[in-house]
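Shown here: structure-v6.txt, compact mmCIF, C-alpha atoms.
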# COMPACT_ATOMS: atom_id res chain seq x y z
CA MET A 15 -12.45 18.24 -20.41
CA THR A 16 -9.46 18.45 -22.74
CA ILE A 17 -6.46 16.12 -22.83
CA GLY A 18 -4.28 18.83 -21.26
CA GLU A 19 -6.74 19.48 -18.43
CA SER A 20 -7.02 15.75 -17.75
CA TYR A 21 -3.25 15.38 -17.48
CA PHE A 22 -3.06 18.51 -15.30
CA LEU A 23 -5.54 17.10 -12.77
CA ILE A 24 -3.95 13.65 -12.86
CA SER A 25 -0.52 15.20 -12.26
CA LEU A 26 -1.82 17.43 -9.48
CA LEU A 27 -3.45 14.63 -7.47
CA THR A 28 -0.63 12.17 -8.10
CA GLY A 29 1.97 14.83 -7.24
CA ILE A 30 0.26 15.64 -3.94
CA GLY A 31 0.15 11.92 -3.12
CA TYR A 32 3.81 11.46 -4.02
CA LEU A 33 4.88 14.40 -1.90
CA GLN A 34 2.73 13.33 1.04
CA THR A 35 4.10 9.78 0.90
CA SER A 36 7.67 11.10 0.68
CA PHE A 37 7.23 13.33 3.74
CA THR A 38 5.53 10.51 5.63
CA GLU A 39 8.43 8.17 4.86
CA LEU A 40 10.92 10.82 5.96
CA ALA A 41 9.05 11.28 9.23
CA PHE A 42 8.58 7.55 9.76
CA PHE A 43 12.18 6.48 9.16
CA ASN A 44 13.32 9.37 11.33
CA LYS A 45 10.98 8.49 14.21
CA PHE A 46 11.49 4.71 14.08
CA SER A 47 15.08 4.96 12.89
CA ARG A 48 16.69 2.17 14.93
CA ALA A 49 14.10 -0.51 14.30
CA ALA A 50 13.09 0.40 10.77
CA THR A 51 16.49 0.83 9.17
CA TYR A 52 18.03 -2.56 9.98
CA PRO A 53 20.39 -3.64 7.16
CA LEU A 54 18.56 -5.33 4.29
CA SER A 55 20.36 -8.14 2.54
CA ALA A 56 19.72 -10.35 -0.48
CA GLU A 57 18.47 -13.02 1.97
CA THR A 58 15.94 -10.80 3.73
CA VAL A 59 14.71 -9.48 0.37
CA GLY A 60 14.71 -12.96 -1.13
CA SER A 61 16.51 -12.15 -4.37
CA LYS A 62 20.23 -11.97 -5.13
CA LYS A 63 19.66 -10.60 -8.63
CA LEU A 64 18.10 -7.43 -7.25
CA SER A 65 21.04 -6.58 -4.99
CA LEU A 66 21.61 -3.29 -6.86
CA PHE A 67 18.39 -1.93 -5.38
CA ILE A 68 19.28 -3.22 -1.91
CA VAL A 69 22.24 -0.79 -1.78
CA GLY A 70 19.84 2.13 -2.20
CA SER A 71 17.53 0.77 0.49
CA ASN A 72 20.19 0.75 3.20
CA LYS A 73 21.88 3.53 5.13
CA PRO A 74 23.19 6.07 4.15
CA LEU A 75 21.71 6.06 0.62
CA ILE A 76 18.15 5.53 1.83
CA HIS A 77 18.18 8.94 3.56
CA PHE A 78 19.54 10.51 0.38
CA PHE A 79 16.75 8.99 -1.72
CA MET A 80 14.07 10.03 0.77
CA PHE A 81 15.43 13.57 0.56
CA LEU A 82 15.59 13.43 -3.25
CA LYS A 83 12.03 12.11 -3.39
CA SER A 84 10.71 14.98 -1.30
CA ILE A 85 12.61 17.59 -3.34
CA SER A 86 11.62 16.12 -6.70
CA GLY A 87 7.98 15.76 -5.58
CA GLY A 88 7.96 19.46 -4.65
CA LEU A 89 9.60 20.41 -7.95
CA PHE A 90 7.06 18.33 -9.83
CA LEU A 91 4.19 20.35 -8.33
CA PHE A 92 6.10 23.62 -8.83
CA PHE A 93 6.70 22.92 -12.54
CA LEU A 94 3.13 21.72 -12.94
CA PHE A 95 1.75 25.14 -11.99
CA TYR A 96 4.10 26.81 -14.49
CA ASP A 97 3.12 24.20 -17.09
CA THR A 98 6.77 23.35 -17.70
CA ILE A 99 7.27 19.81 -16.35
CA PRO A 100 10.23 18.33 -18.20
CA PHE A 101 9.41 14.86 -19.56
CA TYR A 102 12.23 13.25 -17.53
CA LEU A 103 10.93 14.47 -14.15
CA PRO A 104 8.21 11.79 -13.84
CA VAL A 105 10.88 9.22 -14.79
CA LEU A 106 13.13 10.56 -12.03
CA LEU A 107 10.26 10.29 -9.53
CA ILE A 108 9.94 6.61 -10.43
CA LEU A 109 13.71 6.08 -10.28
CA PHE A 110 14.23 7.69 -6.84
CA ASP A 111 11.33 5.70 -5.45
CA GLN A 112 12.58 2.50 -7.06
CA LEU A 113 16.11 2.78 -5.69
CA GLY A 114 14.87 2.80 -2.08
CA PHE A 115 11.74 0.75 -2.65
CA PHE A 116 12.80 -2.32 -0.66
CA ARG A 117 12.81 -0.07 2.40
CA PHE A 118 9.68 1.90 1.53
CA ARG A 119 7.59 -1.22 0.90
CA LEU A 120 8.10 -2.35 4.50
CA ILE A 121 5.55 0.19 5.66
CA GLY A 122 2.91 -0.49 3.01
CA ARG A 123 3.09 0.80 -0.53
CA SER A 124 0.40 -1.17 -2.34
CA GLU A 125 -0.58 1.76 -4.53
CA THR A 126 2.89 2.07 -6.14
CA PRO A 127 2.13 0.11 -9.36
CA LEU A 128 -0.71 2.53 -10.15
CA ILE A 129 1.46 5.60 -9.45
CA ARG A 130 4.06 4.21 -11.87
CA VAL A 131 1.42 3.71 -14.55
CA VAL A 132 0.41 7.36 -14.20
CA LEU A 133 3.98 8.74 -14.12
CA THR A 134 5.05 6.68 -17.14
CA SER A 135 2.00 7.77 -19.17
CA LEU A 136 2.68 11.36 -18.15
CA ALA A 137 6.35 11.15 -19.23
CA ILE A 138 5.32 9.70 -22.61
CA HIS A 139 2.63 12.40 -22.99
CA LEU A 140 5.21 15.14 -22.31
CA TYR A 141 7.87 13.60 -24.53
CA ALA A 142 5.76 12.62 -27.55
CA GLU A 143 3.70 15.85 -27.82
CA SER A 144 1.15 13.97 -29.91
CA SER A 145 -2.51 14.19 -29.02
CA PHE A 146 -3.10 10.63 -30.22
CA ILE A 147 -0.37 9.19 -27.97
CA SER A 148 -1.64 11.34 -25.07
CA GLU A 149 -5.14 9.97 -25.64
CA ILE A 150 -3.82 6.41 -25.66
CA GLY A 151 -2.11 7.22 -22.36
CA LEU A 152 -5.42 8.26 -20.83
CA VAL A 153 -7.05 5.08 -22.13
CA PHE A 154 -4.18 3.10 -20.60
CA ILE A 155 -4.54 4.78 -17.19
CA SER A 156 -8.31 4.16 -17.29
CA ALA A 157 -7.84 0.50 -18.21
CA MET A 158 -5.30 -0.03 -15.43
CA LEU A 159 -7.46 1.70 -12.81
CA SER A 160 -10.53 -0.31 -13.83
CA LEU A 161 -8.45 -3.48 -13.68
CA ALA A 162 -7.11 -2.56 -10.22
CA TYR A 163 -10.63 -1.96 -8.87
CA PHE A 164 -11.98 -5.11 -10.51
CA ALA A 165 -9.10 -7.18 -9.11
CA SER A 166 -9.70 -5.73 -5.65
CA GLY A 167 -13.39 -6.67 -5.80
CA TYR A 168 -12.54 -10.08 -7.25
CA GLN A 169 -10.11 -10.82 -4.38
CA LYS A 170 -12.64 -9.66 -1.78
CA ARG A 171 -15.32 -11.83 -3.34
CA LYS A 172 -13.12 -14.87 -2.65
CA ASP A 173 -12.64 -13.94 1.02
CA PRO A 174 -15.28 -15.47 3.37
CA LYS A 175 -15.24 -12.32 5.54
CA TRP A 176 -16.31 -10.13 2.65
CA ARG A 177 -18.70 -12.77 1.33
CA ASN A 178 -20.60 -12.94 4.62
CA GLY A 179 -20.64 -9.16 4.94
CA THR A 180 -18.18 -8.74 7.80
CA GLY A 181 -15.36 -7.18 5.76
CA VAL A 182 -16.02 -3.60 6.88
CA LEU A 183 -16.70 -4.79 10.45
CA ASN A 184 -13.27 -6.45 10.56
CA PHE A 185 -11.71 -3.34 9.13
CA THR A 186 -13.28 -1.09 11.78
CA GLN A 187 -12.29 -3.56 14.49
CA ARG A 188 -8.68 -3.49 13.32
CA TYR A 189 -8.32 0.26 12.99
CA LEU A 190 -10.93 1.87 15.23
CA SER A 191 -11.28 -0.39 18.26
CA GLY A 192 -11.21 1.57 21.51
CA THR A 193 -12.67 4.72 19.99
CA GLN A 194 -16.15 6.20 20.44
CA LEU A 195 -16.76 5.83 16.73
CA TYR A 196 -16.13 2.09 17.03
CA SER A 197 -18.63 1.73 19.89
CA PHE A 198 -21.17 3.63 17.79
CA LEU A 199 -20.54 1.52 14.69
CA MET A 200 -20.88 -1.71 16.66
CA ARG A 201 -24.44 -0.66 17.51
CA ILE A 202 -25.38 -0.37 13.84
CA GLN A 203 -23.93 -3.50 12.33
CA SER A 204 -26.54 -3.98 9.60
CA PRO A 205 -25.53 -0.87 7.61
CA LEU A 206 -21.90 -1.99 7.91
CA ARG A 207 -22.80 -5.37 6.44
CA LEU A 208 -24.57 -3.61 3.60
CA LEU A 209 -21.52 -1.39 3.12
CA SER A 210 -19.32 -4.50 2.82
CA TYR A 211 -21.41 -5.79 -0.07
CA LEU A 212 -21.58 -2.31 -1.57
CA VAL A 213 -17.78 -1.94 -1.56
CA VAL A 214 -17.34 -5.24 -3.43
CA PHE A 215 -20.13 -4.32 -5.85
CA PHE A 216 -18.58 -0.89 -6.47
CA GLU A 217 -15.15 -2.35 -7.15
CA LEU A 218 -16.47 -4.99 -9.52
CA CYS A 219 -18.63 -2.50 -11.42
CA PHE A 220 -16.21 0.41 -11.56
CA PHE A 221 -15.26 -0.30 -15.19
CA LEU A 222 -18.83 0.73 -16.15
CA SER A 223 -17.74 4.32 -15.48
CA LEU A 224 -15.96 4.14 -18.83
CA LEU A 225 -19.30 3.97 -20.64
CA HIS A 226 -20.83 7.34 -19.77
CA PRO A 227 -19.68 10.51 -17.92
CA ASN A 228 -22.80 10.49 -15.71
CA VAL A 229 -22.14 6.93 -14.59
CA ALA A 230 -18.53 7.96 -14.02
CA ILE A 231 -19.52 10.88 -11.76
CA VAL A 232 -21.73 8.66 -9.59
CA LEU A 233 -18.97 6.06 -9.21
CA PHE A 234 -16.35 8.78 -8.58
CA CYS A 235 -18.44 10.12 -5.67
CA PHE A 236 -18.66 6.70 -4.09
CA GLY A 237 -14.98 5.99 -4.81
CA ALA A 238 -13.75 9.29 -3.38
CA LEU A 239 -15.88 8.79 -0.24
CA PHE A 240 -14.62 5.24 0.11
CA HIS A 241 -10.95 6.25 -0.13
CA PHE A 242 -11.45 9.31 2.07
CA GLY A 243 -13.15 7.09 4.66
CA ILE A 244 -10.17 4.69 4.69
CA SER A 245 -7.82 7.65 4.93
CA ILE A 246 -9.65 9.22 7.88
CA THR A 247 -10.36 6.03 9.82
CA ALA A 248 -7.21 3.98 9.21
CA GLY A 249 -4.68 6.62 8.19
CA ILE A 250 -4.06 4.76 4.93
CA ASN A 251 -3.92 7.90 2.83
CA GLU A 252 -1.89 6.80 -0.18
CA PHE A 253 -4.84 5.12 -1.94
CA LEU A 254 -6.87 8.32 -1.88
CA TRP A 255 -4.42 10.20 -4.11
CA ALA A 256 -3.36 7.26 -6.26
CA PHE A 257 -6.86 6.10 -7.14
CA THR A 258 -8.70 9.42 -7.34
CA GLY A 259 -5.70 10.75 -9.29
CA CYS A 260 -6.72 8.49 -12.17
CA TYR A 261 -10.37 9.63 -12.23
CA PRO A 262 -9.79 12.48 -14.73
CA ALA A 263 -8.52 9.88 -17.24
CA ILE A 264 -11.69 7.83 -16.77
CA PHE A 265 -13.81 10.96 -17.16
CA TYR A 266 -12.07 11.86 -20.43
CA VAL A 267 -12.37 8.32 -21.81
CA SER A 268 -16.06 8.08 -20.80
CA HIS A 269 -16.71 11.19 -22.92
CA LEU A 270 -14.87 9.59 -25.83
CA VAL A 271 -16.81 6.34 -25.50
CA SER A 272 -20.22 8.01 -25.19
CA GLU A 273 -19.46 10.23 -28.23
CA GLN A 274 -18.41 7.23 -30.28
CA PHE A 275 -21.53 5.40 -29.19
CA ARG A 276 -23.73 8.40 -30.16
CA ASN A 277 -22.07 8.57 -33.58
CA PHE A 278 -22.56 4.85 -34.02
CA ILE A 279 -26.30 4.96 -33.44
CA MET B 29 6.74 5.79 -31.92
CA THR B 30 2.96 5.33 -31.66
CA LEU B 31 3.24 1.60 -32.27
CA ALA B 32 5.98 1.27 -29.67
CA VAL B 33 3.86 3.10 -27.07
CA ILE B 34 0.81 0.96 -27.82
CA LEU B 35 2.96 -2.16 -27.52
CA ILE B 36 4.42 -1.07 -24.16
CA TYR B 37 0.95 -0.31 -22.76
CA ALA B 38 -0.52 -3.55 -24.11
CA VAL B 39 2.28 -5.70 -22.65
CA TRP B 40 2.05 -3.85 -19.31
CA PHE B 41 -1.72 -4.41 -19.18
CA LEU B 42 -1.30 -8.09 -20.06
CA ILE B 43 1.32 -8.54 -17.31
CA TRP B 44 -1.09 -7.06 -14.76
CA VAL B 45 -3.92 -9.32 -15.94
CA LEU B 46 -1.68 -12.38 -15.65
CA TYR B 47 -0.31 -11.25 -12.29
CA ILE B 48 -3.82 -10.92 -10.89
CA PHE B 49 -5.61 -13.89 -12.44
CA LYS B 50 -2.90 -16.35 -13.58
CA PRO B 51 0.23 -15.49 -11.56
CA ARG B 52 1.82 -18.89 -12.21
CA TRP B 53 2.05 -18.11 -15.92
CA LEU B 54 4.54 -15.36 -15.11
CA GLY B 55 6.94 -17.90 -13.63
CA ARG B 56 10.13 -16.35 -12.25
CA LEU B 57 8.99 -12.85 -13.11
CA ARG B 58 6.23 -12.90 -10.51
CA TYR B 59 8.29 -12.24 -7.37
CA PRO B 60 10.56 -9.47 -8.77
CA LEU B 61 7.50 -7.72 -10.23
CA HIS B 62 5.90 -7.63 -6.80
CA ILE B 63 8.84 -6.68 -4.61
CA THR B 64 10.02 -3.94 -6.95
CA GLY B 65 6.56 -2.37 -6.97
CA TRP B 66 5.54 -2.93 -10.60
CA ALA B 67 2.60 -5.26 -10.02
CA ASN B 68 0.06 -5.95 -7.34
CA ASN B 69 -2.88 -8.34 -7.09
CA TRP B 70 -4.85 -5.66 -5.19
CA SER B 71 -5.82 -7.94 -2.33
CA MET B 72 -5.85 -5.22 0.32
CA PHE B 73 -7.87 -6.09 3.46
CA VAL B 74 -8.26 -9.67 2.22
CA GLN B 75 -7.06 -12.90 3.83
CA GLN B 76 -5.23 -14.72 1.05
CA LYS B 77 -5.25 -18.49 0.69
CA ASN B 78 -1.46 -18.81 0.48
CA ALA B 79 -0.74 -16.14 3.10
CA SER B 80 2.15 -16.91 5.42
CA LEU B 81 0.12 -15.54 8.36
CA LYS B 82 -3.20 -17.39 8.29
CA GLY B 83 -4.00 -17.03 11.94
CA SER B 84 -3.82 -14.07 14.26
CA TYR B 85 -0.94 -12.91 16.40
CA GLN B 86 -0.38 -10.70 19.41
CA ILE B 87 2.73 -9.01 20.70
CA PHE B 88 3.25 -8.92 24.47
CA PHE B 89 5.91 -7.47 26.71
CA LYS B 90 6.72 -7.56 30.38
CA ASP B 91 8.89 -5.22 32.38
CA VAL B 92 11.45 -6.49 34.85
CA ASN B 93 13.30 -4.29 37.35
CA SER B 94 16.82 -4.75 38.69
CA GLU B 95 15.49 -6.73 41.68
CA ASN B 96 14.06 -9.25 39.22
CA LYS B 97 10.44 -8.25 39.93
CA ALA B 98 8.43 -8.77 36.78
CA SER B 99 5.10 -7.34 35.66
CA GLU B 100 2.38 -9.44 34.01
CA TRP B 101 2.53 -9.93 30.24
CA ILE B 102 1.01 -6.80 28.74
CA GLN B 103 -0.38 -6.75 25.24
CA MET B 104 1.29 -4.25 22.92
CA PRO B 105 -1.42 -1.70 22.10
CA LYS B 106 -2.69 -2.00 18.54
CA VAL B 107 -2.89 0.94 16.17
CA ALA B 108 -4.61 3.88 17.84
CA TRP B 109 -6.82 6.16 15.80
CA GLN B 110 -5.45 9.66 15.42
CA PRO B 111 -7.35 12.66 14.10
CA LEU B 112 -4.52 13.73 11.77
CA ALA B 113 -3.84 10.23 10.46
CA SER B 114 -5.21 11.25 7.09
CA PHE B 115 -2.29 13.66 6.63
CA MET B 116 0.48 11.46 7.96
CA GLY B 117 -0.48 8.00 9.18
CA LEU B 118 2.63 7.00 11.12
CA GLU B 119 0.82 4.67 13.52
CA VAL B 120 -0.71 2.53 10.81
CA ARG B 121 2.70 2.27 9.15
CA LYS B 122 4.23 1.17 12.45
CA GLU B 123 1.55 -1.54 12.59
CA THR B 124 2.45 -2.61 9.04
CA LEU B 125 6.13 -2.81 10.00
CA ILE B 126 5.31 -4.91 13.08
CA ARG B 127 3.26 -7.23 10.87
CA HIS B 128 6.15 -7.44 8.40
CA PHE B 129 8.61 -8.37 11.18
CA THR B 130 6.21 -10.89 12.72
CA LYS B 131 5.65 -12.58 9.36
CA GLY B 132 9.42 -12.88 8.88
CA VAL B 133 9.95 -14.34 12.35
CA LEU B 134 7.13 -16.87 11.96
CA LYS B 135 8.40 -17.85 8.52
CA ALA B 136 11.79 -18.54 10.09
CA HIS B 137 10.08 -20.55 12.84
CA HIS B 138 8.14 -22.66 10.31
CA SER B 139 11.26 -23.37 8.27
CA GLY B 140 13.08 -24.68 11.34
CA GLU B 141 15.39 -21.69 11.91
CA ALA B 142 15.82 -20.26 15.40
CA PRO B 143 13.32 -17.39 15.33
CA ASP B 144 14.67 -15.58 18.40
CA ILE B 145 17.98 -14.79 16.66
CA HIS B 146 16.32 -13.67 13.41
CA PRO B 147 17.15 -10.01 12.52
CA PHE B 148 13.42 -9.25 12.22
CA PHE B 149 12.84 -10.40 15.79
CA HIS B 150 15.69 -8.19 16.92
CA SER B 151 14.11 -5.22 15.08
CA LEU B 152 10.66 -6.04 16.47
CA CYS B 153 12.09 -6.05 20.00
CA GLU B 154 13.77 -2.70 19.34
CA LEU B 155 10.46 -1.30 18.18
CA VAL B 156 8.68 -2.52 21.32
CA LEU B 157 11.50 -1.24 23.52
CA ALA B 158 11.75 2.19 21.99
CA HIS B 159 8.17 2.84 20.94
CA GLY B 160 6.03 0.66 23.18
CA PRO B 161 4.47 2.12 26.37
CA LYS B 162 7.06 3.91 28.51
CA THR B 163 8.50 2.14 31.54
CA VAL B 164 10.67 2.91 34.56
CA SER B 165 11.94 -0.68 34.72
CA ASP B 166 15.43 -1.68 33.69
CA PHE B 167 14.58 -4.59 31.41
CA ARG B 168 11.84 -5.61 29.05
CA GLN B 169 11.03 -9.01 27.57
CA VAL B 170 9.08 -9.35 24.32
CA LYS B 171 6.87 -12.23 23.25
CA ILE B 172 5.01 -13.12 20.05
CA GLU B 173 1.97 -15.36 20.41
CA TYR B 174 0.71 -16.74 17.14
CA TYR B 175 -2.63 -18.55 16.96
CA PRO B 176 -2.83 -20.65 13.77
CA ALA B 177 -6.18 -20.75 11.98
CA GLU B 178 -6.47 -24.52 12.41
CA ASP B 179 -6.85 -26.16 15.83
CA LYS B 180 -3.13 -26.20 16.45
CA GLU B 181 -1.19 -25.18 19.53
CA PRO B 182 -0.28 -21.49 19.62
CA VAL B 183 3.31 -20.63 18.75
CA VAL B 184 5.15 -18.65 21.41
CA ILE B 185 8.46 -16.91 20.70
CA LYS B 186 10.17 -15.06 23.56
CA SER B 187 13.14 -12.76 23.66
CA LYS B 188 15.77 -12.58 26.39
CA LEU B 189 15.62 -9.77 28.95
CA LEU B 190 16.55 -6.66 27.02
CA PRO B 191 17.95 -3.55 28.69
CA VAL B 192 15.66 -0.53 28.43
CA ILE B 193 17.51 2.33 26.73
Translate this structure into structure tokens?
Amino acid sequence: MTIGESYFLISLLTGIGYLQTSFTELAFFNKFSRAATYPLSAETVGSKKLSLFIVGSNKPLIHFFMFLKSISGGLFLFFLFYDTIPFYLPVLLILFDQLGFFRFRLIGRSETPLIRVVLTSLAIHLYAESSFISEIGLVFISAMLSLAYFASGYQKRKDPKWRNGTGVLNFTQRYLSGTQLYSFLMRIQSPLRLLSYLVVFFELCFFLSLLHPNVAIVLFCFGALFHFGISITAGINEFLWAFTGCYPAIFYVSHLVSEQFRNFI
Amino acid sequence: MTLAVILIYAVWFLIWVLYIFKPRWLGRLRYPLHITGWANNWSMFVQQKNASLKGSYQIFFKDVNSENKASEWIQMPKVAWQPLASFMGLEVRKETLIRHFTKGVLKAHHSGEAPDIHPFFHSLCELVLAHGPKTVSDFRQVKIEYYPAEDKEPVVIKSKLLPVI
């Protein structure tokens, strides 16, 4: 996989995620308009210094930014297919999201830091037009993704629920209770316990995917299944695009590392 | 240019490492980094030690008609699985918003403020009124019951009777 192909795939998956999140936010703040668009203030946000961003998170600007986000997300994908993304477009995607972020974060946007890593690296790749800088960008994305997974596993390892193997059980209880799938899963609790340990193990070991493309493919399969499962069962779909969107960077870097290692020995 | 890019990436990586493993070292930067969406400790689906909501909570409502006849307290249904949630998970986001409001109200309660006049409680009530189960009654009352993790008494916060729109 070349540097260009890696960035294409990263942009494609991240772009789809960005557009999906933008449409979801539009639909959400439209449906729950009265309750979800109460006026934010420096007190409710907890910081007076960030009041500039509060303006963008309140009516009427918030609707404007949601609209801009959807349009710019669509344009991003459009330009991607014509291979003509201007370097400032990823920066604009970050900016539009940032200006209304105090509102958007109310409905869960944990993946945002990773999206910003990807968009910044992409903007630098498009601006610099240097293969070395583009390669460093891919290494950066890989390092940040590995760190995010490791941190997630590290935090779960500290939680008694995940340590005693009931993490996935709690998750299913929270999001699936009352469904037939839940009744079925409650009958087979042992595999769910095993899955809890497996999730933590996967997250802690994900950085090993940087060592060899074959290891990377195995971990990608598990990772994609894991995120798809969360997306299907809980409706938390933003992680699927944000995390799998970084996989092409890992795949590229794993090739680099294994080549270097081969040359070394 | 190359050096500047490497420096930016290295500093960014270091900030993430500190944010995750040694957040105190970031001092005043820690909170703005989090609420503006530039850093995360990736503790999804984990009960954190310093979480403001250590116990569990439930939202109830009861409907009251114009003759003052009231129903029993009914638990607000939790997030319901939907087949198309993977494309647009509105229900799970509603649940996140309810959690956000509840956290704010309980924080106000713990700091001695009157929780029932908190703007988050007002928004939570609006959410239950407009998007809870439908009713033919004229009024609805909303209640938060919070059960702390320790063996403490549950916290109960009730709204006034609110007219159904």
Interface, chain B side, toward chain A (6 Å; all atoms listed in the file) as a ChimeraX atom specification:
/B:65-67,70-71,74,109,113-114,116-117,121,124-125,151,154-155
List every protein, DNA or RNA residue that has an atom no more than 10 Å from (7.5, -10.3, 9.8) in the file's coordinate frame, counting only C-alpha atoms, and report them as a list in words.
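Collected hits near the coordinates: Leu120 of chain A; Ser80, Leu81, Thr124, Leu125, Ile126, Arg127, His128, Phe129, Thr130, Lys131, Gly132, Val133, Leu134, Lys135, Ala136, Phe148, Phe149, Ser151 and Leu152 of chain B.
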Distance cut-off 8 Å, centre (-12.8, 13.7, -19.8) in file coordinates, counting only C-alpha atoms: which residues qualify? Return them as a PyMOL selection string.
chain A and resi 15-17+20+227+262-270
For the residues selected in the previous step, produce a file with C-alpha atoms as a PDB file, keeping the file's coordinate frame.
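Result file result-v9.pdb:
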ATOM      1  CA  MET A  15     -12.450  18.240 -20.410  1.00  0.00           C
ATOM      2  CA  THR A  16      -9.460  18.450 -22.740  1.00  0.00           C
ATOM      3  CA  ILE A  17      -6.460  16.120 -22.830  1.00  0.00           C
ATOM      4  CA  SER A  20      -7.020  15.750 -17.750  1.00  0.00           C
ATOM      5  CA  PRO A 227     -19.680  10.510 -17.920  1.00  0.00           C
ATOM      6  CA  PRO A 262      -9.790  12.480 -14.730  1.00  0.00           C
ATOM      7  CA  ALA A 263      -8.520   9.880 -17.240  1.00  0.00           C
ATOM      8  CA  ILE A 264     -11.690   7.830 -16.770  1.00  0.00           C
ATOM      9  CA  PHE A 265     -13.810  10.960 -17.160  1.00  0.00           C
ATOM     10  CA  TYR A 266     -12.070  11.860 -20.430  1.00  0.00           C
ATOM     11  CA  VAL A 267     -12.370   8.320 -21.810  1.00  0.00           C
ATOM     12  CA  SER A 268     -16.060   8.080 -20.800  1.00  0.00           C
ATOM     13  CA  HIS A 269     -16.710  11.190 -22.920  1.00  0.00           C
ATOM     14  CA  LEU A 270     -14.870   9.590 -25.830  1.00  0.00           C
TER      15      LEU A 270
END
Using all atoms listed in the file, determine which residues lie at most 7 Å from stretch 102-107 of chain A, disregarding the query and same-chain residues fewer than 6 positions distant; provide the list as an MDAnalysis selection string.
chainID A and resid 83 86 90 133:134 137
Excluding stretch 156-166 of chain B and any residue of its chain fewer than 3 positions from it, enumerate the residues within 7 Å of it, using all atoms listed in the file, and give them as a PyMOL selection string.
chain B and resi 91-94+104+152-153+191-192
Rounded to one decimal place, report the atom CA of A:Gln203-atom CA of A:His241 distance in Å.
20.5 Å
To one decimal in Å, tell me the separation between atom CA of A:Leu94 and atom CA of A:Ala238.
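Atom CA of A:Ala238 lies 23.0 Å from atom CA of A:Leu94.
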Can you work out the spacing between atom CA of A:Gly88 and atom CA of A:Gly31 in Å, to one decimal?
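Computing it gives 11.0 Å between the two atoms.
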Do you know which residues are at most 10 Å from A:Met200 counting only C-alpha atoms, after dropping those on the same chain fewer than 4 positions away, and could you put them as a list in words?
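Those residues are Leu183, Thr186, Gln187, Ser191, Gln194, Leu195, Tyr196, Ser204 and Leu206 of chain A.
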Output the selection as a tab-separated table (two decimals), keeping the file's coordinate frame - C-alpha atoms for each residue.
chain	number	residue	atom	x	y	z
A	183	LEU	CA	-16.70	-4.79	10.45
A	186	THR	CA	-13.28	-1.09	11.78
A	187	GLN	CA	-12.29	-3.56	14.49
A	191	SER	CA	-11.28	-0.39	18.26
A	194	GLN	CA	-16.15	6.20	20.44
A	195	LEU	CA	-16.76	5.83	16.73
A	196	TYR	CA	-16.13	2.09	17.03
A	204	SER	CA	-26.54	-3.98	9.60
A	206	LEU	CA	-21.90	-1.99	7.91
